[in-house]
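Source file: data21.txt (compact mmCIF, C-alpha atoms)
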```txt
# COMPACT_ATOMS: atom_id res chain seq x y z
CA MET N 18 -5.12 17.14 3.37
CA SER N 19 -8.51 15.67 2.76
CA LEU N 20 -9.23 12.24 1.35
CA GLU N 21 -12.79 11.20 0.66
CA ARG N 22 -13.20 7.45 0.26
CA ILE N 23 -16.02 6.71 -2.19
CA ASN N 24 -17.69 3.30 -2.29
CA PRO N 25 -20.90 3.42 -4.37
CA ALA N 26 -23.68 1.03 -3.32
CA GLU N 27 -24.07 -0.20 -6.90
CA LEU N 28 -20.51 -1.67 -6.87
CA SER N 29 -19.50 -4.80 -5.02
CA PRO N 30 -18.60 -4.11 -1.38
CA PRO N 31 -14.88 -3.29 -1.12
CA ALA N 32 -12.73 -5.45 1.14
CA GLY N 33 -9.35 -3.94 1.93
CA PHE N 34 -9.58 -1.12 -0.61
CA SER N 35 -11.74 1.83 -1.64
CA HIS N 36 -13.33 2.02 -5.09
CA ALA N 37 -12.34 5.67 -5.42
CA VAL N 38 -10.51 8.29 -3.38
CA ALA N 39 -10.98 12.00 -3.99
CA ALA N 40 -8.03 13.99 -2.71
CA SER N 41 -7.33 17.62 -1.92
CA GLY N 42 -4.18 19.00 -0.39
CA SER N 43 -1.09 20.96 -1.18
CA ARG N 44 1.57 18.25 -1.56
CA LEU N 45 1.58 15.07 -3.63
CA VAL N 46 4.06 12.38 -2.68
CA PHE N 47 4.82 9.72 -5.27
CA LEU N 48 6.19 6.64 -3.54
CA ALA N 49 8.57 4.43 -5.50
CA GLY N 50 8.03 0.70 -5.64
CA GLN N 51 9.15 -1.02 -2.48
CA THR N 52 9.97 -4.69 -2.14
CA ALA N 53 11.13 -6.65 0.91
CA LEU N 54 14.64 -5.18 0.84
CA ASP N 55 16.48 -4.72 4.10
CA ALA N 56 18.87 -1.80 4.71
CA SER N 57 21.71 -3.71 3.00
CA GLY N 58 19.67 -4.23 -0.17
CA LYS N 59 18.90 -7.92 0.40
CA VAL N 60 15.40 -9.36 -0.09
CA VAL N 61 14.23 -10.77 3.23
CA GLY N 62 11.40 -13.21 3.89
CA ASP N 63 10.67 -16.47 2.16
CA THR N 64 6.88 -16.22 2.01
CA LEU N 65 4.53 -13.76 0.36
CA PRO N 66 3.11 -12.56 3.72
CA GLU N 67 6.63 -11.98 5.12
CA GLN N 68 7.67 -10.06 2.03
CA PHE N 69 4.40 -8.11 1.90
CA GLU N 70 4.91 -6.96 5.49
CA ARG N 71 8.45 -5.78 4.80
CA ALA N 72 7.50 -4.10 1.51
CA LEU N 73 4.59 -2.28 3.18
CA ALA N 74 6.82 -1.23 6.08
CA ASN N 75 9.35 0.11 3.56
CA LEU N 76 6.61 2.03 1.71
CA LEU N 77 5.35 3.51 4.98
CA ALA N 78 8.92 4.45 6.00
CA ALA N 79 9.33 6.42 2.76
CA LEU N 80 5.94 8.04 3.37
CA ALA N 81 6.85 8.96 6.97
CA ALA N 82 10.17 10.44 5.80
CA SER N 83 8.10 12.63 3.45
CA GLY N 84 5.96 13.86 6.33
CA GLY N 85 2.98 11.59 5.70
CA THR N 86 1.01 8.94 7.52
CA PRO N 87 -0.81 5.85 6.22
CA ALA N 88 -4.09 7.81 6.26
CA ASP N 89 -2.57 10.09 3.58
CA LEU N 90 -2.32 7.25 1.03
CA ALA N 91 -4.68 7.90 -1.87
CA ARG N 92 -3.49 5.10 -4.18
CA VAL N 93 -1.43 1.91 -3.78
CA THR N 94 -0.58 -0.57 -6.51
CA VAL N 95 0.55 -4.07 -5.58
CA TYR N 96 2.61 -6.05 -8.08
CA THR N 97 2.93 -9.77 -7.42
CA VAL N 98 4.59 -12.64 -9.25
CA ASP N 99 1.77 -14.98 -8.10
CA VAL N 100 -1.78 -13.62 -8.06
CA ASP N 101 -3.17 -16.98 -6.89
CA ALA N 102 -0.88 -16.92 -3.85
CA TYR N 103 -1.90 -13.31 -3.19
CA ARG N 104 -5.59 -14.32 -3.23
CA THR N 105 -4.88 -17.32 -0.98
CA HIS N 106 -3.04 -15.15 1.55
CA ALA N 107 -5.43 -12.17 1.25
CA PRO N 108 -6.88 -12.52 4.78
CA GLU N 109 -3.37 -12.58 6.30
CA LEU N 110 -2.21 -9.70 4.08
CA GLY N 111 -5.27 -7.74 5.19
CA ARG N 112 -4.31 -8.26 8.85
CA VAL N 113 -0.78 -7.05 8.08
CA TRP N 114 -2.20 -3.97 6.31
CA ARG N 115 -4.53 -3.10 9.21
CA ARG N 116 -1.74 -3.56 11.79
CA LEU N 117 0.71 -1.32 9.90
CA ALA N 118 -1.53 1.10 8.00
CA GLY N 119 -4.93 1.05 9.69
CA ARG N 120 -8.38 0.90 8.11
CA ASP N 121 -8.34 4.02 5.91
CA TYR N 122 -7.94 2.11 2.67
CA PRO N 123 -6.62 3.80 -0.47
CA ALA N 124 -7.75 3.00 -3.99
CA MET N 125 -5.81 -0.16 -4.82
CA ALA N 126 -5.00 -2.57 -7.61
CA VAL N 127 -3.19 -5.90 -7.64
CA ILE N 128 -1.29 -6.64 -10.84
CA GLY N 129 0.34 -9.94 -11.75
CA VAL N 130 3.83 -9.66 -13.20
CA VAL N 131 6.34 -12.15 -14.58
CA ARG N 132 9.07 -11.01 -12.19
CA LEU N 133 10.28 -8.02 -10.21
CA TRP N 134 13.61 -6.18 -10.32
CA ASP N 135 15.17 -8.38 -7.63
CA GLU N 136 14.46 -11.94 -8.72
CA PRO N 137 13.72 -13.30 -5.20
CA ALA N 138 11.10 -10.56 -4.65
CA LEU N 139 7.51 -11.84 -4.61
CA VAL N 140 5.67 -8.54 -4.17
CA GLU N 141 6.20 -4.81 -4.70
CA LEU N 142 4.08 -1.85 -3.59
CA ASP N 143 4.08 1.73 -4.84
CA GLY N 144 1.75 4.56 -4.00
CA ILE N 145 0.59 8.14 -4.10
CA ALA N 146 -0.14 10.18 -0.99
CA VAL N 147 -1.71 13.61 -0.60
CA LEU N 148 -0.36 15.80 2.21
CA GLY N 149 -0.74 19.38 3.11
CA THR N 150 -3.87 21.00 4.36
CA ALA N 151 -4.19 18.95 7.56
CA ALA N 152 -1.00 20.51 8.94
CA ALA N 153 -2.18 23.94 7.83
CA GLU N 154 -5.56 23.39 9.49
CA LEU N 155 -3.89 22.37 12.75
CA SER N 156 -1.66 25.47 12.74
CA ASP N 157 -4.72 27.70 12.21
CA ARG N 158 -6.34 26.51 15.47
```

Written as C-alpha cells, how would this file's structure read?
Amino acid sequence: MSLERINPAELSPPAGFSHAVAASGSRLVFLAGQTALDASGKVVGDTLPEQFERALANLLAALAASGGTPADLARVTVYTVDVDAYRTHAPELGRVWRRLAGRDYPAMAVIGVVRLWDEPALVELDGIAVLGTAAAELSDR
C-alpha cells in the first residue's frame, strides 16, 4: 500500500487533513459510518469530543479487523449535527485524532447534517482505506 499525501503550496496550509491523497494498493476497504455506539448499541458520551473519540475508535476497530492501520486511511468524512461546535472543539478533536490515529492525515471533509441515525449521536465518521502492497513488500524482503 502506498499513500502519497499532496498539499500544494498554492492552497491554504492543511491542519488535520491532507488536500489530496493518491493511493495505490491491492485492497480497498470501505468503512461504514461509525458513531459513538458501545457494544450494546447505545450512544455513549454527552459531549462532541467524547463522542468523536468513541466514533473514531469504532472506525479504527473496523479498519483493524480488516487488516488495516490508521496510516492506511485515504479518506474520512465527518458528519456532525453542529458544525459550530465542531469548529470550537477542533483543537481537542485534533488531539484525539493524533492520539488514536497519528499524524498521517487522510483527505477529509466535515459535513453538517440535521441529524444522524441514532438521535443522540452528535458525530459520525466513515472512511476509505487502501491496503495491500505493504504486506507484499514486507514478505518479499

For a cutoff of 12 Å around the file-coordinate point (-0.4, 6.4, 12.7), which residues qualify once you count only C-alpha atoms? I'd like the result as a compact mmCIF listing (two decimals) with C-alpha atoms, keeping the file's coordinate frame.
```txt
# COMPACT_ATOMS: atom_id res chain seq x y z
CA LEU N 77 5.35 3.51 4.98
CA ALA N 78 8.92 4.45 6.00
CA LEU N 80 5.94 8.04 3.37
CA ALA N 81 6.85 8.96 6.97
CA GLY N 84 5.96 13.86 6.33
CA GLY N 85 2.98 11.59 5.70
CA THR N 86 1.01 8.94 7.52
CA PRO N 87 -0.81 5.85 6.22
CA ALA N 88 -4.09 7.81 6.26
CA ASP N 89 -2.57 10.09 3.58
CA LEU N 90 -2.32 7.25 1.03
CA ARG N 115 -4.53 -3.10 9.21
CA ARG N 116 -1.74 -3.56 11.79
CA LEU N 117 0.71 -1.32 9.90
CA ALA N 118 -1.53 1.10 8.00
CA GLY N 119 -4.93 1.05 9.69
CA ARG N 120 -8.38 0.90 8.11
CA ASP N 121 -8.34 4.02 5.91
```

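Residues within 10 Å of Leu20 of chain N, counting all atoms listed in the file and excluding same-chain residues fewer than 5 positions away, are Ala37, Val38, Ala39, Ala40, Ser41, Gly42, Ala88, Asp89, Leu90, Ala91, Asp121, Pro123, Ala146, Val147 and Leu148 of chain N.
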
Serialized selection, C-alpha atoms, as a PDB file, in the coordinates of the input:
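Result file selection.pdb:
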```pdb
ATOM      1  CA  ALA N  37     -12.340   5.670  -5.420  1.00  0.00           C
ATOM      2  CA  VAL N  38     -10.510   8.290  -3.380  1.00  0.00           C
ATOM      3  CA  ALA N  39     -10.980  12.000  -3.990  1.00  0.00           C
ATOM      4  CA  ALA N  40      -8.030  13.990  -2.710  1.00  0.00           C
ATOM      5  CA  SER N  41      -7.330  17.620  -1.920  1.00  0.00           C
ATOM      6  CA  GLY N  42      -4.180  19.000  -0.390  1.00  0.00           C
ATOM      7  CA  ALA N  88      -4.090   7.810   6.260  1.00  0.00           C
ATOM      8  CA  ASP N  89      -2.570  10.090   3.580  1.00  0.00           C
ATOM      9  CA  LEU N  90      -2.320   7.250   1.030  1.00  0.00           C
ATOM     10  CA  ALA N  91      -4.680   7.900  -1.870  1.00  0.00           C
ATOM     11  CA  ASP N 121      -8.340   4.020   5.910  1.00  0.00           C
ATOM     12  CA  PRO N 123      -6.620   3.800  -0.470  1.00  0.00           C
ATOM     13  CA  ALA N 146      -0.140  10.180  -0.990  1.00  0.00           C
ATOM     14  CA  VAL N 147      -1.710  13.610  -0.600  1.00  0.00           C
ATOM     15  CA  LEU N 148      -0.360  15.800   2.210  1.00  0.00           C
TER      16      LEU N 148
END
```

Restricting the calculation to only C-alpha atoms, which member of N:Ser29, N:Thr64, N:Asn24, N:Asn75 is positioned closest to Tyr103 of chain N?
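For Tyr103 of chain N, the nearest of the given residues is N:Thr64.
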
Atom CA of Ala79 of chain N to atom CA of Arg44 of chain N, distance in Å rounded to a single decimal:
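Value for the atom CA of Ala79 of chain N-atom CA of Arg44 of chain N distance: 14.8 Å.
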
Rounded to one decimal, what separation in Å do you get between atom CA of Pro30 of chain N and atom CA of Asp101 of chain N?
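Atom-to-atom, atom CA of Pro30 of chain N and atom CA of Asp101 of chain N are spaced 20.8 Å apart.
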
For each of N:Pro25, N:Gly111, N:Gly33, N:Pro137, take the minimum atom-to-atom distance to Ala53 of chain N, counting only C-alpha atoms, then give the residue where this is smallest.
N:Pro137

For segment 37-52 of chain N, supply N, CA, C and O atoms and format the output as a PDB file, in the frame of the given file.
```pdb
ATOM      1  N   ALA N  37     -12.872   4.396  -4.951  1.00  0.00           N
ATOM      2  CA  ALA N  37     -12.340   5.670  -5.420  1.00  0.00           C
ATOM      3  C   ALA N  37     -11.923   6.497  -4.211  1.00  0.00           C
ATOM      4  O   ALA N  37     -12.470   6.335  -3.117  1.00  0.00           O
ATOM      5  N   VAL N  38     -10.956   7.363  -4.420  1.00  0.00           N
ATOM      6  CA  VAL N  38     -10.510   8.290  -3.380  1.00  0.00           C
ATOM      7  C   VAL N  38     -10.352   9.650  -4.022  1.00  0.00           C
ATOM      8  O   VAL N  38      -9.568   9.814  -4.963  1.00  0.00           O
ATOM      9  N   ALA N  39     -11.119  10.612  -3.533  1.00  0.00           N
ATOM     10  CA  ALA N  39     -10.980  12.000  -3.990  1.00  0.00           C
ATOM     11  C   ALA N  39     -10.049  12.698  -3.020  1.00  0.00           C
ATOM     12  O   ALA N  39     -10.217  12.588  -1.804  1.00  0.00           O
ATOM     13  N   ALA N  40      -9.065  13.411  -3.552  1.00  0.00           N
ATOM     14  CA  ALA N  40      -8.030  13.990  -2.710  1.00  0.00           C
ATOM     15  C   ALA N  40      -7.912  15.494  -2.932  1.00  0.00           C
ATOM     16  O   ALA N  40      -8.023  15.977  -4.051  1.00  0.00           O
ATOM     17  N   SER N  41      -7.686  16.210  -1.829  1.00  0.00           N
ATOM     18  CA  SER N  41      -7.330  17.620  -1.920  1.00  0.00           C
ATOM     19  C   SER N  41      -6.224  17.864  -0.908  1.00  0.00           C
ATOM     20  O   SER N  41      -6.167  17.243   0.141  1.00  0.00           O
ATOM     21  N   GLY N  42      -5.319  18.708  -1.259  1.00  0.00           N
ATOM     22  CA  GLY N  42      -4.180  19.000  -0.390  1.00  0.00           C
ATOM     23  C   GLY N  42      -3.162  19.785  -1.173  1.00  0.00           C
ATOM     24  O   GLY N  42      -3.341  20.086  -2.354  1.00  0.00           O
ATOM     25  N   SER N  43      -2.066  20.100  -0.517  1.00  0.00           N
ATOM     26  CA  SER N  43      -1.090  20.960  -1.180  1.00  0.00           C
ATOM     27  C   SER N  43       0.190  20.238  -1.570  1.00  0.00           C
ATOM     28  O   SER N  43       1.050  20.841  -2.198  1.00  0.00           O
ATOM     29  N   ARG N  44       0.321  18.946  -1.234  1.00  0.00           N
ATOM     30  CA  ARG N  44       1.570  18.250  -1.560  1.00  0.00           C
ATOM     31  C   ARG N  44       1.262  16.813  -1.964  1.00  0.00           C
ATOM     32  O   ARG N  44       0.672  16.055  -1.211  1.00  0.00           O
ATOM     33  N   LEU N  45       1.670  16.454  -3.176  1.00  0.00           N
ATOM     34  CA  LEU N  45       1.580  15.070  -3.630  1.00  0.00           C
ATOM     35  C   LEU N  45       2.909  14.391  -3.392  1.00  0.00           C
ATOM     36  O   LEU N  45       3.969  14.958  -3.670  1.00  0.00           O
ATOM     37  N   VAL N  46       2.856  13.177  -2.878  1.00  0.00           N
ATOM     38  CA  VAL N  46       4.060  12.380  -2.680  1.00  0.00           C
ATOM     39  C   VAL N  46       3.903  11.108  -3.503  1.00  0.00           C
ATOM     40  O   VAL N  46       2.953  10.354  -3.305  1.00  0.00           O
ATOM     41  N   PHE N  47       4.815  10.915  -4.435  1.00  0.00           N
ATOM     42  CA  PHE N  47       4.820   9.720  -5.270  1.00  0.00           C
ATOM     43  C   PHE N  47       5.834   8.759  -4.679  1.00  0.00           C
ATOM     44  O   PHE N  47       7.024   9.068  -4.606  1.00  0.00           O
ATOM     45  N   LEU N  48       5.353   7.614  -4.238  1.00  0.00           N
ATOM     46  CA  LEU N  48       6.190   6.640  -3.540  1.00  0.00           C
ATOM     47  C   LEU N  48       6.669   5.573  -4.507  1.00  0.00           C
ATOM     48  O   LEU N  48       5.856   4.883  -5.141  1.00  0.00           O
ATOM     49  N   ALA N  49       7.978   5.429  -4.606  1.00  0.00           N
ATOM     50  CA  ALA N  49       8.570   4.430  -5.500  1.00  0.00           C
ATOM     51  C   ALA N  49       8.223   3.028  -5.039  1.00  0.00           C
ATOM     52  O   ALA N  49       7.901   2.791  -3.869  1.00  0.00           O
ATOM     53  N   GLY N  50       8.293   2.096  -5.976  1.00  0.00           N
ATOM     54  CA  GLY N  50       8.030   0.700  -5.640  1.00  0.00           C
ATOM     55  C   GLY N  50       8.967   0.204  -4.568  1.00  0.00           C
ATOM     56  O   GLY N  50      10.174   0.442  -4.628  1.00  0.00           O
ATOM     57  N   GLN N  51       8.383  -0.465  -3.595  1.00  0.00           N
ATOM     58  CA  GLN N  51       9.150  -1.020  -2.480  1.00  0.00           C
ATOM     59  C   GLN N  51       8.924  -2.529  -2.429  1.00  0.00           C
ATOM     60  O   GLN N  51       7.789  -2.999  -2.466  1.00  0.00           O
ATOM     61  N   THR N  52      10.029  -3.255  -2.343  1.00  0.00           N
ATOM     62  CA  THR N  52       9.970  -4.690  -2.140  1.00  0.00           C
ATOM     63  C   THR N  52      10.449  -4.983  -0.719  1.00  0.00           C
ATOM     64  O   THR N  52      10.589  -4.076   0.092  1.00  0.00           O
TER      65      THR N  52
END
```
